[in-house]
Amino acid sequence: MELGSRYTPLGIEEKWYKHWEDLNYFHSIPDEREPFTIVIPPPNITGVLHMGHMLNITIQDILIRRARLQGKNACWVPGTDHASIATEAKVVRMLRDQGIKKSDISREEFLNYAFEWKEKYGGLILQQLRRLGASCDWERTAFTMDEKRSEAVIKAFVDLYHRGKLYRGKRMVNWDCEAKTVLSNEEVLYKEEQAQLFNIKYISQHDPNSSIVIATQRPETIMADAAIAIHPEDPRYRHLIGTKVIIPLINRAIPIIEDTYVDIEFGTGALKVTPAHDQNDYEIGVRHKLEIVDILNDDGTLNSNAKILVGEDRFTARKKIKSLLEEANVLVSIQDYKTSIGRSERTHSVVEPKLSLQWYVDSKQLSEPALKAVMESEIEFLPDHMKNTYRHWMENIRDWCISRQLWWGHRVPAYYYGEEIFVAETKEEAIHLAIEKIGISNFNPVLLFQDEDVLDTWFSSWLWPISVFDGFNNSKDFQYYYPSNVLVTGWDIIFLWVARMIMAGYEWKNAKPFKQVYFTGMVRDKQRRKMSKSLGNSPDALELINEYGADGVRFGMLSSSPAGGDLLFDEKLCDQGRSFCNKLWNATRLIQSWKSSSIDAKDYETLVMSWMNDRITEIYIESDKLIEQSRLSEALKLIYSFIWEDFCGFYLEALKPQESSNISQEVYLNTIGYYERICTLLHPFTPFITEEIWHQLKTRQAREDCMMSSYEQIRIVDKKLLETISEVRNITTNVRELRSKHSIKMNVELPLYVQQSNIDNVLLTKGAKSLLIKMARLSDCTEVISEVAHTQSFIGMRHKYYVLMPITIDVQAEKQRLLKDIEYAQGFVGSIEKKLSNDRFRTNAPGALIEKELRKLEDGRIRLQSLKESLNSLNADL
RNA sequence: GGGAGAUUAGCUCAGCUGGUUCAGAGCAUCUGCCUUACAAGCAGAGGGUCACUGGUUCGAACCCAGUAUCUCCCACCA
């Protein structure tokens with residue numbers, strides 16, 4: 001079948017993915033082979049494929065496909081995350097669009113809608129991963145809220161509770177007024193924002209002429225004030241201590257207290273203390289036993305405690321209170337200022353500090369082995385410096401608030417009976433515990449209630465490496481696959497997820513969850529902004545695949561993404577990937593167009609073939625080394641330029657038969673063999689096209705696929721051979737350069753002379769001469785003893801070459817060029833001589849280096865000598 | 001306030017225990033080619049005080065110190 005000159009990936013990619021999947025290649029079961037495991041960072045079920053996933057998935061797929069080719073038992077577990085806040089928000093919105101309010105339906109009804117939504121849209125992202133070529137073991141697809149994973153979550157909670165590492169406590173929390181739930185510290189993002197500072201006057205209760213001015217950014221909270229605090233060493237207000245002032249508008253009297261927390265320099269030096277709505281104020285409140293007045297409802301509106309503006313949203317209230325304060329003549333001034341404001345990671349709503357009863361994990365205890373494992377490189381971080389960030393967080397870890405006031409998620413397995421708390425995996429067990437505690441005669445089952453809250457999504461995610469293999473039941477799979485080889489994820493979730501998985505691993509299994517963490521950078525646009533849906537600066541992932549092909553996009557993602565470094569995404573890189581596929585495609589077409597017959601291979605063909613053979617081996621060795629160091633993009637670049645320059649640019653060009661002549665059967669078959677090896681080498685990076693070419697090259701048996709071929713281990717290379725061809729190519733380039741400079745077309749054949757010396761020259765290798773003649777389009781190639789007059793010369797690795805060209809030589813220009821070259825060569829030789837004559841160098845430098853320098857010196861001298869000869873002969877011509 | 005990283009060609013970045021006169025690659029630019037696999041191609045070319053200042057060394061883009069600029073993370077500033 002004739003192939004078109006352009007590679008069209010669309011149908012081909014679909015065909016091979018289906019083929020692989022039909023043959024169950026992605027599926028893994030434990031056997032006697034060495035396992036290679038990756039557990040996917042589960043994308044949110046609400047998510048659609050974006051650039052971050054593309055990068056992430058590409059890297060994981062490369063590693064897993066390579067392991068498979070290396071004969072390991074490769075297992076890549078896919079799955080999704082229930083994403084409690086994000087999903088609940090989506091479902092609430094969906095219901096609202098249908099005219100249903102969440103508050104009007106029961107928890108069960110809501111969950112039915114949510115599961116319905118999940119069934120409908122939740123699998124979408126996993127389908128999209130297939131488009132990229134992800135070779136996940138789909139039979140193992142897990143979901144953080146499926147039965148097994150839920151079981152793990154509940155077990156973990158109950159276990160931690162009974163071992164005293166989990167507790168319920170009343171603390172100041174971060175409240176998301178939009179989602180109406182508490183958030184952990186890690187889910188609050190702080191950013192500098194423009195705000196206003198209001199200076200408000202509080203008049204003394206005892207003396208209407210005396211007052212104190214405070215500064216606040218949130219004037220709507222004055223109704224919740226419990227005191228005004230000043231620094232004990234601030235002389236300005238000393239006389240007021242112990243007196244009371246009146247809160248404007250509501251006329252409630254509050255005391256003036258002293259506390260060293262107050263910064264004398266800031267604002268007026270007087271601080272309004274609002275214990276219910278500020279972390280620090282809460283602590284001051286505790287110290288001074290102040291009254292706590294909570295004026296906010298869960299949705300961020302003011303409640304009746306506020307007395308005024310009741311029912312207004314806090315931001316509306318802020319605007320309105322401004323004019324009220326003005327009217328009351330207590331608003332002294334307003335100034336603009338910048339401050340850092342915390343917003344919810346998911347809803348972006350401004351987070352309000354709020355006092356609340358929640359469940360916490362005592363993190364300090366869990367962090368110790370996890371910190372140790374990373375600092376002692378039991379778990380390897382890439383890039384290594386992420387360790388510092390990790391350590392800093394671990395050493396200052398705070399307790400983890402894990403309850404959320406939502407319905408979508410794992411319900412907290414705690415049951416309340418009056419004042420008593422019973423934590424158990426099931427209600428039956430809780431009843432059992434309750435009866436044990438309070439006696440069967442006193443127990444009334446109707447009074448036992450389960451906690452209404454659900455757990456933080458990350459409380460299921462942190463168990464993921466264990467739970468996907470049913471590790472809490474210590475399954476066979478778990479024993480075989482755990483720990484996974486590598487976790488590939490973005491550094492932005494190092495605390496939210498990575499650190500906690502490590503803690504969980506040591507807490508329950510006393511073993512690391514993964515051997516290595518490959519932190520990817522963030523995908524950014526050309527202006528270095530993080531790509532995000534809200535900014536609208538992210539290209540549509542599926543459209544990219546449609547346009548450039550999955551292989552092209554994979555190439556593009558990888559082309560510029562060292563571990564940890566951010567990646568400035570540029571579609572041009574995908575375009576380059578597509579061109580690369582096209583190049584591969586056309587090489588296939590060329591080989592397919594060859595007609596082979598039983599003629600013998602010519603000497604130069606034999607030479608070029610053995611070179612290609614060793615060169616591939618060399619690339620295997622070098623790319624291996626790079627991949628072992630996780631330098632994937634460099635490995636790809638290496639293979640890319642090898643294919644482009646060496647395989648297509650030189651090898652195929654050298655063997656390409658003239659016009660309609662036939663090619664030797666041996667050359668034909670060997671070429672196919674080399675291309676096969678290249679396909680295997682390249683397959684992890686661009687799986688689709690390599691599979692296609694693999695099958696284009698020859699008819700295959702069933703299950704004889706590139707994806708399942710094997711990555712080779714032979715590792716011997718003939719260095720001399722590689723050098724010889726390198727010299728041939730070097731000469732060819734030099735001749736071409738001369739042609740280009742003097743506008744001599746390729747169809748004009750030129751004679752080349754090689755000056756003999758005491759070193760073997762390239763022509764002594766069998767086949768090299770005819771190869772040279774073919775590649776450089778020479779009329780002949782002969783050895784000479786001395787300078788050849790009226791020629792253009794250049795110096796190769798060791799020898800001097802002359803080309804006789806049909807031109808009149810510009811003697812002056814030539815002389816200038818030579819003088820310049822001589823000057824350079826002299827400098828070169830001089831520097832080495834100087835280095836070698838330095839005693840300190842001779843004594844300090846390693847022997848091998850001195851050898852190398854000596855050889856360099858010799859080469860340099862030969863070169864200098866040749867240049868001088870050329871100059872002399874030029875002078876003789878004058 | 002604490003910490004991390006970065007600064008190399010017009011742009012994006014390599015440069016992996018200091019050791020070729022070391023300054024690289026890709027893109028972009030320029031020149032010449034439709035040479036029957038590929039114009040998504042082929043053959044060439046130009047382009048940089050390696051942020052700055054000192055130091056260590058026989059030798060520094062690389063190590064050390066300081067300076068400047070940028071990016072990011074963490075932290076309770078009303």
# chains A, B, ... in the order shown; residues from 1 in each chain; ligands from 1

$ interface_residues --of "chain B" --to "chain A" --cutoff "7 Å" --atoms "only C-alpha atoms (C1' of nucleotides)" --output "ChimeraX atom specification"
/B:21,37-38,40,44,58,76,78

$ select_by_dssp --residues "range 349-473 of chain A" --states "strand (DSSP E)" --output "number ranges by chain"
A: 351-361, 380-382, 400-401, 403-404, 414-417, 420-423, 448-450, 454-455

$ write_last_selection --atoms "C-alpha atoms" --output "PDB file, in the first residue's frame"
ATOM      1  CA  VAL A 351     -11.939  32.967  53.958  1.00  0.00           C
ATOM      2  CA  GLU A 352     -13.302  34.081  57.320  1.00  0.00           C
ATOM      3  CA  PRO A 353     -11.662  33.019  60.575  1.00  0.00           C
ATOM      4  CA  LYS A 354     -14.301  31.393  62.713  1.00  0.00           C
ATOM      5  CA  LEU A 355     -14.484  29.461  65.917  1.00  0.00           C
ATOM      6  CA  SER A 356     -15.689  25.964  65.309  1.00  0.00           C
ATOM      7  CA  LEU A 357     -15.728  22.368  66.552  1.00  0.00           C
ATOM      8  CA  GLN A 358     -13.912  20.099  64.093  1.00  0.00           C
ATOM      9  CA  TRP A 359     -11.937  16.891  63.746  1.00  0.00           C
ATOM     10  CA  TYR A 360      -8.159  17.048  63.608  1.00  0.00           C
ATOM     11  CA  VAL A 361      -5.256  14.722  62.918  1.00  0.00           C
ATOM     12  CA  GLU A 380      14.300  10.425  46.578  1.00  0.00           C
ATOM     13  CA  PHE A 381      13.035  13.860  45.570  1.00  0.00           C
ATOM     14  CA  LEU A 382      13.583  15.244  42.118  1.00  0.00           C
ATOM     15  CA  TRP A 400      -4.783  18.825  60.102  1.00  0.00           C
ATOM     16  CA  CYS A 401      -8.429  19.796  60.121  1.00  0.00           C
ATOM     17  CA  SER A 403     -13.895  17.472  58.777  1.00  0.00           C
ATOM     18  CA  ARG A 404     -15.903  19.346  56.181  1.00  0.00           C
ATOM     19  CA  ALA A 414     -18.202   9.212  64.776  1.00  0.00           C
ATOM     20  CA  TYR A 415     -21.445   8.732  66.688  1.00  0.00           C
ATOM     21  CA  TYR A 416     -22.716  10.943  69.430  1.00  0.00           C
ATOM     22  CA  TYR A 417     -24.799   9.934  72.377  1.00  0.00           C
ATOM     23  CA  GLU A 420     -20.289  10.709  74.609  1.00  0.00           C
ATOM     24  CA  ILE A 421     -18.450  10.090  71.331  1.00  0.00           C
ATOM     25  CA  PHE A 422     -18.125   6.638  69.829  1.00  0.00           C
ATOM     26  CA  VAL A 423     -15.888   6.187  66.832  1.00  0.00           C
ATOM     27  CA  LEU A 448     -27.369   7.883  68.847  1.00  0.00           C
ATOM     28  CA  PHE A 449     -26.458  10.162  65.959  1.00  0.00           C
ATOM     29  CA  GLN A 450     -23.752   9.930  63.378  1.00  0.00           C
ATOM     30  CA  VAL A 454     -17.645  14.366  55.709  1.00  0.00           C
ATOM     31  CA  LEU A 455     -13.900  14.094  55.553  1.00  0.00           C
TER      32      LEU A 455
END

$ select_by_dssp --residues "range 466-563 of chain A" --states "helix (DSSP H, G or I)" --output "PyMOL selection string"
chain A and resi 466-467+471-473+476-481+491-509+541-558

$ residues_around --residues "C22 in chain B" --least-positions-apart "2" --cutoff "12 Å" --atoms "only C-alpha atoms (C1' of nucleotides)" --output "MDAnalysis selection string"
chainID B and resid 8 15 19:20 24 50 60:62

$ atom_distance --atom1 "CA of Ala541 in chain A" --atom2 "CA of Ile639 in chain A"
25.4 Å

$ residues_around --residues "range 10-13 of chain B" --least-positions-apart "3" --cutoff "9 Å" --atoms "only C-alpha atoms (C1' of nucleotides)" --output "number ranges by chain"
A: 560, 568; B: 25-29, 47

$ residues_around --residues "range 721-723 of chain A" --least-positions-apart "6" --cutoff "10 Å" --atoms "only C-alpha atoms (C1' of nucleotides)" --output "list in words"
Leu607, Val608, Ser610, Trp611, Met612, Asp614, Arg615, Glu618, Arg729, Val762, Thr765 and Met797 of chain A

$ write_last_selection --atoms "N, CA and C atoms" --output "PDB file, in the first residue's frame"
ATOM      1  N   LEU A 607      30.100  -0.976   5.505  1.00  0.00           N
ATOM      2  CA  LEU A 607      30.686  -0.062   6.483  1.00  0.00           C
ATOM      3  C   LEU A 607      29.600   0.772   7.176  1.00  0.00           C
ATOM      4  N   VAL A 608      28.734   1.344   6.379  1.00  0.00           N
ATOM      5  CA  VAL A 608      27.697   2.205   6.937  1.00  0.00           C
ATOM      6  C   VAL A 608      26.734   1.406   7.820  1.00  0.00           C
ATOM      7  N   SER A 610      27.465  -1.328   9.598  1.00  0.00           N
ATOM      8  CA  SER A 610      28.009  -1.626  10.931  1.00  0.00           C
ATOM      9  C   SER A 610      28.076  -0.364  11.777  1.00  0.00           C
ATOM     10  N   TRP A 611      28.294   0.753  11.102  1.00  0.00           N
ATOM     11  CA  TRP A 611      28.281   2.010  11.863  1.00  0.00           C
ATOM     12  C   TRP A 611      26.897   2.248  12.476  1.00  0.00           C
ATOM     13  N   MET A 612      25.869   2.092  11.666  1.00  0.00           N
ATOM     14  CA  MET A 612      24.511   2.336  12.170  1.00  0.00           C
ATOM     15  C   MET A 612      24.206   1.401  13.334  1.00  0.00           C
ATOM     16  N   ASP A 614      26.231   0.096  15.502  1.00  0.00           N
ATOM     17  CA  ASP A 614      26.895   0.530  16.732  1.00  0.00           C
ATOM     18  C   ASP A 614      26.374   1.863  17.239  1.00  0.00           C
ATOM     19  N   ARG A 615      26.006   2.676  16.311  1.00  0.00           N
ATOM     20  CA  ARG A 615      25.502   3.993  16.679  1.00  0.00           C
ATOM     21  C   ARG A 615      24.178   3.843  17.456  1.00  0.00           C
ATOM     22  N   GLU A 618      25.006   2.784  20.827  1.00  0.00           N
ATOM     23  CA  GLU A 618      25.523   3.911  21.593  1.00  0.00           C
ATOM     24  C   GLU A 618      24.382   4.798  22.101  1.00  0.00           C
ATOM     25  N   ARG A 729      31.917  12.221   7.651  1.00  0.00           N
ATOM     26  CA  ARG A 729      30.865  13.236   7.656  1.00  0.00           C
ATOM     27  C   ARG A 729      31.449  14.633   7.791  1.00  0.00           C
ATOM     28  N   VAL A 762      41.549   7.998   7.074  1.00  0.00           N
ATOM     29  CA  VAL A 762      40.215   7.418   6.985  1.00  0.00           C
ATOM     30  C   VAL A 762      40.060   6.495   5.777  1.00  0.00           C
ATOM     31  N   THR A 765      40.159   2.569   5.760  1.00  0.00           N
ATOM     32  CA  THR A 765      39.039   1.706   6.156  1.00  0.00           C
ATOM     33  C   THR A 765      38.290   1.272   4.905  1.00  0.00           C
ATOM     34  N   MET A 797      40.083  15.697  11.384  1.00  0.00           N
ATOM     35  CA  MET A 797      40.495  15.380  12.746  1.00  0.00           C
ATOM     36  C   MET A 797      42.008  15.325  12.873  1.00  0.00           C
TER      37      MET A 797
END

$ residues_around --residues "range 141-149 of chain A" --least-positions-apart "5" --cutoff "12 Å" --atoms "only C-alpha atoms (C1' of nucleotides)" --output "PyMOL selection string"
chain A and resi 26-27+39-45+75-84+111+114-115+118-119+122-123+126-127+136+154-156+408-411+454-473+475

$ atom_distance --atom1 "CA of Arg529 in chain A" --atom2 "C1' of U67 in chain B"
29.0 Å

$ closest_residue --among "A:Glu783, A:Asp646, A:Glu666, A:Glu34" --to "Ile678 in chain A" --atoms "only C-alpha atoms"
A:Asp646

$ residues_around --residues "G1 in chain B" --least-positions-apart "4" --cutoff "12 Å" --atoms "only C-alpha atoms (C1' of nucleotides)" --output "list in words"
C74, A75, C76 and C77 of chain B

$ atom_distance --atom1 "CA of Leu10 in chain A" --atom2 "CA of Leu638 in chain A"
26.5 Å

$ decode --residues "range 4-78 of chain B" --atoms "C-alpha atoms (C1' of nucleotides)" --output "compact mmCIF listing (two decimals), in the first residue's frame"
# COMPACT_ATOMS: atom_id res chain seq x y z
C1' A B 4 14.14 28.06 47.99
C1' G B 5 15.44 28.80 43.03
C1' A B 6 16.97 31.70 38.88
C1' U B 7 20.21 35.33 35.94
C1' U B 8 24.29 31.86 29.54
C1' A B 9 22.59 34.06 21.71
C1' G B 10 16.60 38.00 19.86
C1' C B 11 13.34 33.85 22.60
C1' U B 12 13.23 29.08 25.57
C1' C B 13 16.77 26.48 27.89
C1' A B 14 21.39 22.53 28.20
C1' G B 15 26.12 22.88 30.09
C1' C B 16 25.42 16.37 35.10
C1' U B 17 32.49 15.52 40.48
C1' G B 18 36.19 22.94 37.93
C1' G B 19 40.10 20.64 32.71
C1' U B 20 39.88 21.12 24.64
C1' U B 21 40.59 28.33 22.59
C1' C B 22 34.17 26.36 26.07
C1' A B 23 31.07 28.96 25.07
C1' G B 24 26.25 24.71 23.22
C1' A B 25 20.96 23.11 21.31
C1' G B 26 16.17 24.21 19.49
C1' C B 27 13.23 28.13 17.80
C1' A B 28 13.76 32.90 15.31
C1' U B 29 16.93 35.62 11.53
C1' C B 30 19.91 35.60 6.89
C1' U B 31 21.87 32.99 2.21
C1' G B 32 21.27 29.15 -1.52
C1' C B 33 18.25 24.98 -3.15
C1' C B 34 11.18 22.14 -5.49
C1' U B 35 18.58 17.37 -5.67
C1' U B 36 11.81 11.86 -7.07
C1' A B 37 11.21 9.87 1.23
C1' C B 38 10.07 14.32 3.58
C1' A B 39 9.48 22.50 1.71
C1' A B 40 6.26 19.75 8.17
C1' G B 41 12.26 19.28 3.59
C1' C B 42 17.81 19.90 2.10
C1' A B 43 22.81 22.56 2.22
C1' G B 44 25.16 26.60 4.68
C1' A B 45 25.86 31.41 7.71
C1' G B 46 25.67 35.21 11.39
C1' G B 47 24.71 35.98 16.60
C1' G B 48 26.88 35.80 23.66
C1' U B 49 32.23 40.23 28.80
C1' C B 50 28.11 33.17 30.75
C1' A B 51 23.98 39.53 35.75
C1' C B 52 27.91 42.56 38.54
C1' U B 53 32.36 42.82 41.98
C1' G B 54 35.97 40.39 44.45
C1' G B 55 38.19 35.64 46.14
C1' U B 56 39.95 30.32 45.91
C1' U B 57 42.84 27.59 41.94
C1' C B 58 48.00 25.91 37.60
C1' G B 59 42.99 26.54 35.45
C1' A B 60 36.22 29.21 36.85
C1' A B 61 29.97 29.71 33.11
C1' C B 62 30.83 25.88 36.97
C1' C B 63 33.43 26.52 43.76
C1' C B 64 33.22 30.70 47.83
C1' A B 65 31.70 35.74 49.53
C1' G B 66 29.20 40.14 48.54
C1' U B 67 25.88 43.24 45.19
C1' A B 68 21.77 43.81 41.87
C1' U B 69 17.35 42.06 39.50
C1' C B 70 13.45 38.37 38.93
C1' U B 71 10.25 34.05 40.40
C1' C B 72 8.16 31.04 43.93
C1' C B 73 7.01 28.94 48.81
C1' C B 74 6.10 29.46 54.10
C1' A B 75 4.60 32.77 58.36
C1' C B 76 -0.66 35.40 63.16
C1' C B 77 0.55 41.88 60.97
C1' A B 78 -4.86 44.83 62.92
